[in-house]
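Data first, discussion second: the structure below is written as structure tokens.
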Number of protein chains: 2
Amino acid sequence: MIFIDACLGKKTPYTPVWMMRQAGRYLPQYMKVRNSAGDFLSLCKKPEFAAEVTLQPVDILGVDAAILFSDILVVPLEMGMDLRFVAGEGPLFSNPILTKEDVDALEVAKAAKQLEYVYQSIKLTRERLADDKALIGFCGAPWTLATYMIEGGGTKTYGKVKKLLYSNPDFLHQVLAKVTEVLKLYLEGQIQSGVNAVQIFDSWANALEEEAFFEFSWRYVQDICSFLKGKYPHIPIIVFPKGVSGYLDKIDGEFDVFGVDWSTPIKLAKEKLGNRYVLQGNMEPTRLYSKKAINEGVEHIANIMQNSRHIFNLGHGILPDISVENAKYFIDLVHQKTKI
Amino acid sequence: MIFIDACLGKKTPYTPVWMMRQAGRYLPQYMKVRNSAGDFLSLCKKPEFAAEVTLQPVDILGVDAAILFSDILVVPLEMGMDLRFVAGEGPLFSNPILTKEDVDALEVAKAAKQLEYVYQSIKLTRERLADDKALIGFCGAPWTLATYMIEGGGTKTYGKVKKLLYSNPDFLHQVLAKVTEVLKLYLEGQIQSGVNAVQIFDSWANALEEEAFFEFSWRYVQDICSFLKGKYPHIPIIVFPKGVSGYLDKIDGEFDVFGVDWSTPIKLAKEKLGNRYVLQGNMEPTRLYSKKAINEGVEHIANIMQNSRHIFNLGHGILPDISVENAKYFIDLVHQKTKI
């Protein structure tokens with residue numbers, strides 16, 4: 001698989017490309033399946049539907065990898081938290097983590113087991129996916145998940161989790177450690193079900209100062225990476241901590257690919273990390289509104305990366321109002337421009 | 001004034017300190033005046049009330065500078081746009097900029113004149129403020145204002161303004177140029193009314209990629225800076241573009257102080273900019289939840305900056321649920337820790 005070769009730093013005939021949120025609302029075919037499935041969580045929980053939308057962007061756009069359709073919050077859900085997705089408000093937990101009893105009540109082994117519907121989705125998808133296309137599994141980073149679990153949903157100020165971080169860091173570490181244990185089992189389950197690589201999304205890394213990032217986020221991500229690399233050394237690991245461009249030179253650990261968000265200049269990421277890690281990214285997502293902007297973005301990134309130690313992607317998820325035509329134009333252009 | 005001396009890079013007996021949004025909701029005294037004034041916009045428009053809340057943090061906390069109480073959006077308001085503040089939704093413009101006619105209809109000289117209530121607030125405040133305390137005026141950067149004007153309010157994806165940026169950059173430049181002309185007159189009006197320094201807030205600088213930042217934001221900020229420095233060279237200018245830590249070494253221009261947001265390590269800012277500019281910032285705002293976290297944050301920053309070419313501040317606005325006690329603890333600690 002060209003995608004896996006690229007993850008491992010091998011030479012490839014062209015730079016592989018996929019897009020974060022590529023199985024998503026910009027695709028009419030996705031909306032159709034989603035409406036059949038019922039709500040968003042039902043779509044995650046029904047393997048037949050989840051597999052179908054996972055495969056769509058491969059068929060429609062010709063991306064080099066499929067990414068499992070799911071949501072990072074199915075993990076806290078199966079740890080015992082009550083999750084709802086409210087239109088216009090995003091995810092909400094009715095019972096955020098407040099006390100030691102709340103932490104003690106969180107399931108670990110049982111949670112990983114109850115995520116069986118994800119493993120089923122993976123098996124179904126892998127059966128139907130072409131042999132030369134990779135299937136990427138994923139999870140949220142412990143810090144990002146713990147933040148949702150403590151805040152009870154999205155947040156702009158991170159007030160609750162930050163109060164905890166300063167006033168009772170041990171408590172926060174307990175939550176993080178417990179989430180980390182589930183994620184190890186969860187990613188192991190994904191690998192055993194057939195994913196060819198995994199990505200760890202740390203969307204809220206940018207909520208932390210440098211030192212706090214390494215203490216409350218990165219060490220847990222690296223705990224997961226070390227666990228997986230010890231057992232499954234051939235499975236590439238992609239990390240994606242957002243908004244850490246100020247201290248890229250301190251990034252270190254057992255993973256293969258560093259996902260570059262679009263606010264980090266790819267040239268800077270290459271200077272700081274390019275010798276040690278394969279880079280993934282990082283076209284600015286709104287460039288997909290315009291073919292001219294796609295041309296300029298692809299050319300800029302391709303010129304810097306030179307089809308070496310690079311996987312093309314957006315620097316954040318594809319937006320719901322992007323046209324399928326432009327999305328396909330982007331994928332085709334990457335293949336064409338990076339061909340040896 | 002110790003604050004002005006520090007802006008100009010002179011040695012001061014201690015590092016001056018103020019906080020962004022220091023005249024704000026965490027102060028019961030502010031809430032009282034705000035409730036008397038009516039809504040938020042009325043507070044901005046009534047000089048007597050605006051002056052009162054501007055002065056409160058100087059009296060209550062002992063900060064070294066007052067910052068004019070106002071909102072960056074009074075500028076588009078007086079350019080002819082219909083602005084409302086909706087509880088829970090933030091600012092909304094009912095008539096966002098869409099067409100050339102919309103741009104042509106925007107007022108310039110008249111707008112700067114109609115901002116008279118701001119000039120009145122400044123005069124009243126300066127009269128009542130102690131002679132050794134500075135009064136800071138401010139405006140939003142053209143890019144940040146234009147984004148609000150085109151999106152019609154806050155945005156997560158910057159979809160509308162980015163579509164324009166890629167599909168019709170000339171149109172966007174027209175909006176930016178017109179806003180820039182008003183801002184020159186507006187800051188000139190503020191200076192003539194008595195402010196001792198000005199700060200230009202570019203809250204949405206981080207919505208732009210590196211090259212686009214310099215083309216669509218920074219050049220207009222620098223146009224304003226050059227204009228002001230040509231006429232009022234003694235008035236310090238503070239710039240605050242958020243989220244540009246990836247390309248600090250390319251920051252250059254006619255200003256005195258660079259405001260460092262909290263996501264940028266102050267050590268990095270010092271390395272890249274400290275020789276050329278005084279730095280302002282950058283304590284992480286949620287540290288104010290805890291005295292221990294305040295101690296650690298102040299010590300960390302003070303150790304790096306060594307009371308040299310530095311103004312203490314938060315790296316973003318103070319949050320509404322911070323206790324006045326902790327805010328005062330922060331201000332006192334800075335004075336104490338940085339005393340020669």
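By convention in this document, the chains of the structure tokens carry letters A, B, ... by their order, each chain's residues are numbered from 1, and ligands are numbered from 1 in the order they are shown.
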Write out, as JSON lines, each residue of chain A that has an atom at most 7 Å from chain B, together with the closest pair of atoms and their distance in Å to one decimal, counting only C-alpha atoms, rows going by chain and rising number.
{"residue": "A:Gly159", "atom": "CA", "partner": "B:Thr286", "partner_atom": "CA", "distance": 6.7}
{"residue": "A:Lys162", "atom": "CA", "partner": "B:Thr286", "partner_atom": "CA", "distance": 6.3}
{"residue": "A:Lys163", "atom": "CA", "partner": "B:Tyr289", "partner_atom": "CA", "distance": 6.1}
{"residue": "A:Tyr166", "atom": "CA", "partner": "B:Ala293", "partner_atom": "CA", "distance": 6.0}
{"residue": "A:Ser167", "atom": "CA", "partner": "B:Ser290", "partner_atom": "CA", "distance": 6.6}
{"residue": "A:Glu209", "atom": "CA", "partner": "B:Ser263", "partner_atom": "CA", "distance": 6.1}
{"residue": "A:Glu210", "atom": "CA", "partner": "B:Pro265", "partner_atom": "CA", "distance": 7.0}
{"residue": "A:Ser245", "atom": "CA", "partner": "B:Gly246", "partner_atom": "CA", "distance": 5.7}
{"residue": "A:Gly246", "atom": "CA", "partner": "B:Ser245", "partner_atom": "CA", "distance": 5.7}
{"residue": "A:Ser263", "atom": "CA", "partner": "B:Glu209", "partner_atom": "CA", "distance": 6.1}
{"residue": "A:Thr264", "atom": "CA", "partner": "B:Gly246", "partner_atom": "CA", "distance": 5.8}
{"residue": "A:Pro265", "atom": "CA", "partner": "B:Gly246", "partner_atom": "CA", "distance": 6.5}
{"residue": "A:Thr286", "atom": "CA", "partner": "B:Lys162", "partner_atom": "CA", "distance": 6.3}
{"residue": "A:Tyr289", "atom": "CA", "partner": "B:Lys163", "partner_atom": "CA", "distance": 6.1}
{"residue": "A:Ser290", "atom": "CA", "partner": "B:Tyr166", "partner_atom": "CA", "distance": 6.4}
{"residue": "A:Ala293", "atom": "CA", "partner": "B:Tyr166", "partner_atom": "CA", "distance": 6.0}
What does the file look like for those residues with N, CA and C atoms, as a CSV table (one decimal), in the first residue's frame?
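Result saved to again.csv:
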chain,number,residue,atom,x,y,z
A,159,GLY,N,-12.5,26.4,31.0
A,159,GLY,CA,-12.5,26.9,32.4
A,159,GLY,C,-12.5,25.7,33.4
A,162,LYS,N,-9.3,23.5,33.2
A,162,LYS,CA,-8.1,24.2,33.7
A,162,LYS,C,-8.1,24.5,35.2
A,163,LYS,N,-9.3,24.7,35.7
A,163,LYS,CA,-9.4,24.9,37.2
A,163,LYS,C,-8.8,23.6,37.8
A,166,TYR,N,-5.0,23.2,37.6
A,166,TYR,CA,-4.3,24.0,38.6
A,166,TYR,C,-4.5,23.6,40.0
A,167,SER,N,-5.8,23.2,40.3
A,167,SER,CA,-6.2,23.0,41.7
A,167,SER,C,-6.0,21.6,42.1
A,209,GLU,N,-0.5,25.3,27.6
A,209,GLU,CA,0.8,25.9,27.5
A,209,GLU,C,1.8,24.8,27.3
A,210,GLU,N,3.0,25.2,26.8
A,210,GLU,CA,4.0,24.3,26.4
A,210,GLU,C,4.2,23.2,27.5
A,245,SER,N,2.9,24.8,17.2
A,245,SER,CA,4.0,25.2,16.3
A,245,SER,C,5.1,25.9,17.0
A,246,GLY,N,4.8,26.4,18.2
A,246,GLY,CA,5.8,27.2,19.0
A,246,GLY,C,6.9,26.3,19.6
A,263,SER,N,-2.2,25.9,10.5
A,263,SER,CA,-1.6,27.2,11.0
A,263,SER,C,-0.1,27.1,11.2
A,264,THR,N,0.4,25.9,11.1
A,264,THR,CA,1.9,25.7,11.2
A,264,THR,C,2.4,25.7,9.8
A,265,PRO,N,3.3,26.6,9.5
A,265,PRO,CA,3.9,26.5,8.1
A,265,PRO,C,4.6,25.2,7.9
A,286,THR,N,-10.1,26.0,3.6
A,286,THR,CA,-11.0,26.8,2.8
A,286,THR,C,-10.4,27.1,1.4
A,289,TYR,N,-12.5,26.0,-1.6
A,289,TYR,CA,-13.5,26.8,-2.2
A,289,TYR,C,-13.2,27.2,-3.7
A,290,SER,N,-11.9,27.2,-4.0
A,290,SER,CA,-11.5,27.7,-5.3
A,290,SER,C,-10.4,26.9,-5.9
A,293,ALA,N,-7.0,28.6,-5.8
A,293,ALA,CA,-6.4,28.4,-4.4
A,293,ALA,C,-5.9,27.0,-4.2
Backbone-only DSSP, strand (DSSP E) members of range 171-323 of chain A, as a list in words:
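DSSP on the backbone gives strand (DSSP E) at Ala197, Val198, Gln199, Ile200, Phe201, Asp202, Ile237, Ile238, Val239, Phe240, Pro241, Val257, Phe258, Gly259, Val260, Val278, Leu279, Gln280, Gly281, Asn282, Met283, His310, Ile311, Phe312, Asn313 and Leu314 of chain A.
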For the residues in the current selection, export N, CA and C atoms as a CSV table (one decimal), in the first residue's frame.
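And here is the file that came out, selection14.csv:
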chain,number,residue,atom,x,y,z
A,197,ALA,N,-3.2,1.4,9.9
A,197,ALA,CA,-2.5,2.5,10.5
A,197,ALA,C,-3.5,3.2,11.5
A,198,VAL,N,-3.0,3.9,12.5
A,198,VAL,CA,-3.9,4.6,13.4
A,198,VAL,C,-3.5,6.1,13.5
A,199,GLN,N,-4.5,6.9,13.7
A,199,GLN,CA,-4.2,8.3,14.0
A,199,GLN,C,-4.8,8.8,15.3
A,200,ILE,N,-4.0,9.5,16.1
A,200,ILE,CA,-4.4,10.0,17.4
A,200,ILE,C,-4.7,11.5,17.3
A,201,PHE,N,-5.9,11.9,17.4
A,201,PHE,CA,-6.3,13.3,17.2
A,201,PHE,C,-6.2,14.1,18.5
A,202,ASP,N,-5.4,15.1,18.6
A,202,ASP,CA,-5.4,15.9,19.8
A,202,ASP,C,-5.8,17.3,19.5
A,237,ILE,N,1.8,4.8,13.2
A,237,ILE,CA,1.1,5.7,14.1
A,237,ILE,C,1.2,7.1,13.6
A,238,ILE,N,0.1,7.8,13.5
A,238,ILE,CA,0.1,9.2,13.1
A,238,ILE,C,-0.4,10.0,14.3
A,239,VAL,N,0.3,11.0,14.7
A,239,VAL,CA,-0.1,11.9,15.8
A,239,VAL,C,-0.6,13.3,15.2
A,240,PHE,N,-1.5,13.9,15.8
A,240,PHE,CA,-2.0,15.2,15.2
A,240,PHE,C,-2.4,16.1,16.4
A,241,PRO,N,-1.4,16.7,17.0
A,241,PRO,CA,-1.6,17.7,18.1
A,241,PRO,C,-1.7,19.0,17.5
A,257,VAL,N,4.4,9.3,11.9
A,257,VAL,CA,3.9,10.4,11.1
A,257,VAL,C,3.4,11.6,12.0
A,258,PHE,N,3.9,12.8,11.7
A,258,PHE,CA,3.4,13.9,12.5
A,258,PHE,C,2.4,14.7,11.6
A,259,GLY,N,1.2,14.8,12.0
A,259,GLY,CA,0.2,15.6,11.3
A,259,GLY,C,0.3,17.1,11.6
A,260,VAL,N,0.5,17.8,10.5
A,260,VAL,CA,0.7,19.3,10.6
A,260,VAL,C,-0.6,20.0,10.4
A,278,VAL,N,7.9,11.4,9.2
A,278,VAL,CA,7.1,11.7,8.0
A,278,VAL,C,6.1,12.8,8.4
A,279,LEU,N,5.8,13.7,7.5
A,279,LEU,CA,4.9,14.8,7.8
A,279,LEU,C,3.6,14.5,7.0
A,280,GLN,N,2.5,14.8,7.6
A,280,GLN,CA,1.2,14.8,6.9
A,280,GLN,C,0.5,16.1,7.0
A,281,GLY,N,0.0,16.5,5.8
A,281,GLY,CA,-0.8,17.8,5.8
A,281,GLY,C,-0.4,18.7,4.6
A,282,ASN,N,-0.7,19.9,4.7
A,282,ASN,CA,-1.4,20.7,5.7
A,282,ASN,C,-2.2,21.8,5.0
A,283,MET,N,-2.8,21.5,3.9
A,283,MET,CA,-3.5,22.5,3.1
A,283,MET,C,-4.6,23.1,3.9
A,310,HIS,N,6.3,12.4,3.0
A,310,HIS,CA,5.1,13.3,3.1
A,310,HIS,C,3.9,12.5,2.7
A,311,ILE,N,2.8,12.8,3.4
A,311,ILE,CA,1.4,12.4,3.0
A,311,ILE,C,0.6,13.7,2.9
A,312,PHE,N,0.0,13.8,1.7
A,312,PHE,CA,-0.8,15.1,1.5
A,312,PHE,C,-2.1,14.9,2.3
A,313,ASN,N,-2.6,16.0,2.9
A,313,ASN,CA,-3.9,16.1,3.6
A,313,ASN,C,-4.2,17.6,3.7
A,314,LEU,N,-5.4,17.8,4.2
A,314,LEU,CA,-5.8,19.2,4.6
A,314,LEU,C,-5.1,19.4,6.0
What's the 7 Å shell around range 136-143 of chain B, counting only C-alpha atoms, without same-chain residues fewer than 6 positions away, as a ChimeraX atom specification?
/B:65-68,72,176,179-180,190,195-202,216-217,220-221
Do you know which residues are at most 12 Å from Thr99 in chain B counting only C-alpha atoms, after dropping those on the same chain fewer than 2 positions away, and could you put them as a list in words?
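Final neighbour list, sorted by chain and number: Asn95, Pro96, Ile97, Glu101, Asp102, Val103, Asp104, Ala105, Leu106, Met149, Ile150, Leu164, Asn168, Phe171, Leu172, Gln174 and Val175 of chain B.
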Residues within 7 Å of range 52-64 of chain B, only C-alpha atoms, excluding chain neighbours under 3 positions, as a list in words:
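So the residues in contact are Phe3, Pro16, Val17, Trp18, Gln22, Ala23, Tyr30, Glu48, Phe49, Ile67, Leu68, Phe69, Thr125, Leu129, Lys133, Ala134, Lys328 and Ile331 of chain B.
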Could the residues in this selection be saved with N, CA and C atoms as a PDB file, in the first residue's frame?
ATOM      1  N   PHE B   3       4.445  53.007  32.525  1.00  0.00           N
ATOM      2  CA  PHE B   3       3.972  52.179  31.418  1.00  0.00           C
ATOM      3  C   PHE B   3       4.544  52.671  30.089  1.00  0.00           C
ATOM      4  N   PRO B  16       5.646  47.225  34.512  1.00  0.00           N
ATOM      5  CA  PRO B  16       4.233  47.613  34.584  1.00  0.00           C
ATOM      6  C   PRO B  16       3.333  46.464  34.113  1.00  0.00           C
ATOM      7  N   VAL B  17       2.093  46.510  34.580  1.00  0.00           N
ATOM      8  CA  VAL B  17       1.164  45.412  34.275  1.00  0.00           C
ATOM      9  C   VAL B  17      -0.247  45.945  34.092  1.00  0.00           C
ATOM     10  N   TRP B  18      -0.941  45.399  33.124  1.00  0.00           N
ATOM     11  CA  TRP B  18      -2.386  45.600  32.991  1.00  0.00           C
ATOM     12  C   TRP B  18      -2.954  44.306  32.411  1.00  0.00           C
ATOM     13  N   GLN B  22      -9.644  44.167  31.304  1.00  0.00           N
ATOM     14  CA  GLN B  22      -9.613  44.422  32.755  1.00  0.00           C
ATOM     15  C   GLN B  22     -10.833  45.205  33.231  1.00  0.00           C
ATOM     16  N   ALA B  23     -11.441  45.989  32.337  1.00  0.00           N
ATOM     17  CA  ALA B  23     -12.721  46.612  32.670  1.00  0.00           C
ATOM     18  C   ALA B  23     -13.789  45.650  32.170  1.00  0.00           C
ATOM     19  N   TYR B  30     -18.244  46.836  37.719  1.00  0.00           N
ATOM     20  CA  TYR B  30     -18.524  46.960  36.283  1.00  0.00           C
ATOM     21  C   TYR B  30     -19.964  46.551  35.995  1.00  0.00           C
ATOM     22  N   GLU B  48     -19.885  59.035  30.164  1.00  0.00           N
ATOM     23  CA  GLU B  48     -19.829  59.078  31.631  1.00  0.00           C
ATOM     24  C   GLU B  48     -19.667  57.658  32.199  1.00  0.00           C
ATOM     25  N   PHE B  49     -20.456  56.746  31.656  1.00  0.00           N
ATOM     26  CA  PHE B  49     -20.385  55.353  32.113  1.00  0.00           C
ATOM     27  C   PHE B  49     -19.084  54.680  31.648  1.00  0.00           C
ATOM     28  N   ILE B  67      -7.257  50.880  30.053  1.00  0.00           N
ATOM     29  CA  ILE B  67      -7.546  50.792  28.624  1.00  0.00           C
ATOM     30  C   ILE B  67      -8.976  51.237  28.429  1.00  0.00           C
ATOM     31  N   LEU B  68      -9.129  52.163  27.517  1.00  0.00           N
ATOM     32  CA  LEU B  68     -10.430  52.686  27.136  1.00  0.00           C
ATOM     33  C   LEU B  68     -11.475  51.583  27.079  1.00  0.00           C
ATOM     34  N   PHE B  69     -12.606  51.769  27.751  1.00  0.00           N
ATOM     35  CA  PHE B  69     -13.685  50.805  27.603  1.00  0.00           C
ATOM     36  C   PHE B  69     -14.464  51.099  26.330  1.00  0.00           C
ATOM     37  N   THR B 125     -11.998  60.314  30.921  1.00  0.00           N
ATOM     38  CA  THR B 125     -11.139  59.377  31.648  1.00  0.00           C
ATOM     39  C   THR B 125      -9.792  60.019  31.964  1.00  0.00           C
ATOM     40  N   LEU B 129      -7.954  60.357  35.548  1.00  0.00           N
ATOM     41  CA  LEU B 129      -6.924  59.340  35.788  1.00  0.00           C
ATOM     42  C   LEU B 129      -5.681  59.999  36.393  1.00  0.00           C
ATOM     43  N   LYS B 133      -0.479  57.285  35.574  1.00  0.00           N
ATOM     44  CA  LYS B 133      -1.089  56.113  34.930  1.00  0.00           C
ATOM     45  C   LYS B 133      -1.364  56.426  33.463  1.00  0.00           C
ATOM     46  N   ALA B 134      -1.095  55.453  32.615  1.00  0.00           N
ATOM     47  CA  ALA B 134      -1.316  55.654  31.180  1.00  0.00           C
ATOM     48  C   ALA B 134      -2.741  55.292  30.793  1.00  0.00           C
ATOM     49  N   LYS B 328      -6.252  40.772  41.711  1.00  0.00           N
ATOM     50  CA  LYS B 328      -5.418  41.714  42.461  1.00  0.00           C
ATOM     51  C   LYS B 328      -4.119  41.038  42.913  1.00  0.00           C
ATOM     52  N   ILE B 331      -1.697  41.198  40.011  1.00  0.00           N
ATOM     53  CA  ILE B 331      -1.115  42.531  39.795  1.00  0.00           C
ATOM     54  C   ILE B 331      -0.063  42.835  40.872  1.00  0.00           C
TER      55      ILE B 331
END
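Neighbouring residues of Lys231 in chain A at 12 Å or closer, counting only C-alpha atoms and skipping chain neighbours under 3 positions away, are Lys184, Leu185, Leu187, Glu188, Ile191, Gln192, Ile224, Cys225, Ser226, Phe227, Leu228, His234 and Ile235 of chain A.
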May I have the selected residues written with C-alpha atoms, as a short mmCIF file (atom, residue, chain, number, x, y, z; two decimals), in the first residue's frame?
data_model
loop_
_atom_site.label_atom_id
_atom_site.label_comp_id
_atom_site.auth_asym_id
_atom_site.auth_seq_id
_atom_site.Cartn_x
_atom_site.Cartn_y
_atom_site.Cartn_z
CA LYS A 184 -4.76 1.25 24.33
CA LEU A 185 -7.31 -1.56 24.29
CA LEU A 187 -6.66 0.86 19.26
CA GLU A 188 -5.48 -2.71 19.80
CA ILE A 191 -5.66 -3.17 14.76
CA GLN A 192 -6.82 -6.72 15.40
CA ILE A 224 -0.28 4.74 23.92
CA CYS A 225 2.34 4.89 21.15
CA SER A 226 4.87 2.86 23.16
CA PHE A 227 2.26 0.26 24.02
CA LEU A 228 1.24 -0.14 20.38
CA HIS A 234 4.52 -2.65 11.72
CA ILE A 235 1.40 -0.48 12.21
#
Could you find all residues in range 80-137 of chain A that DSSP calls helix (DSSP H, G or I) from the backbone, and write them as a VMD selection string?
chain A and resid 100 to 104 109 to 114 116 to 128
Of A:Pro169, A:Tyr186, A:Ala51, A:Ile318, the one nearest to Lys113 in chain A when counting only C-alpha atoms is A:Tyr186
So, with only C-alpha atoms as the atoms that count, which of B:Lys110, B:Val118, B:Arg309, B:Asp71 lies closest to Lys10 in chain B?
B:Arg309
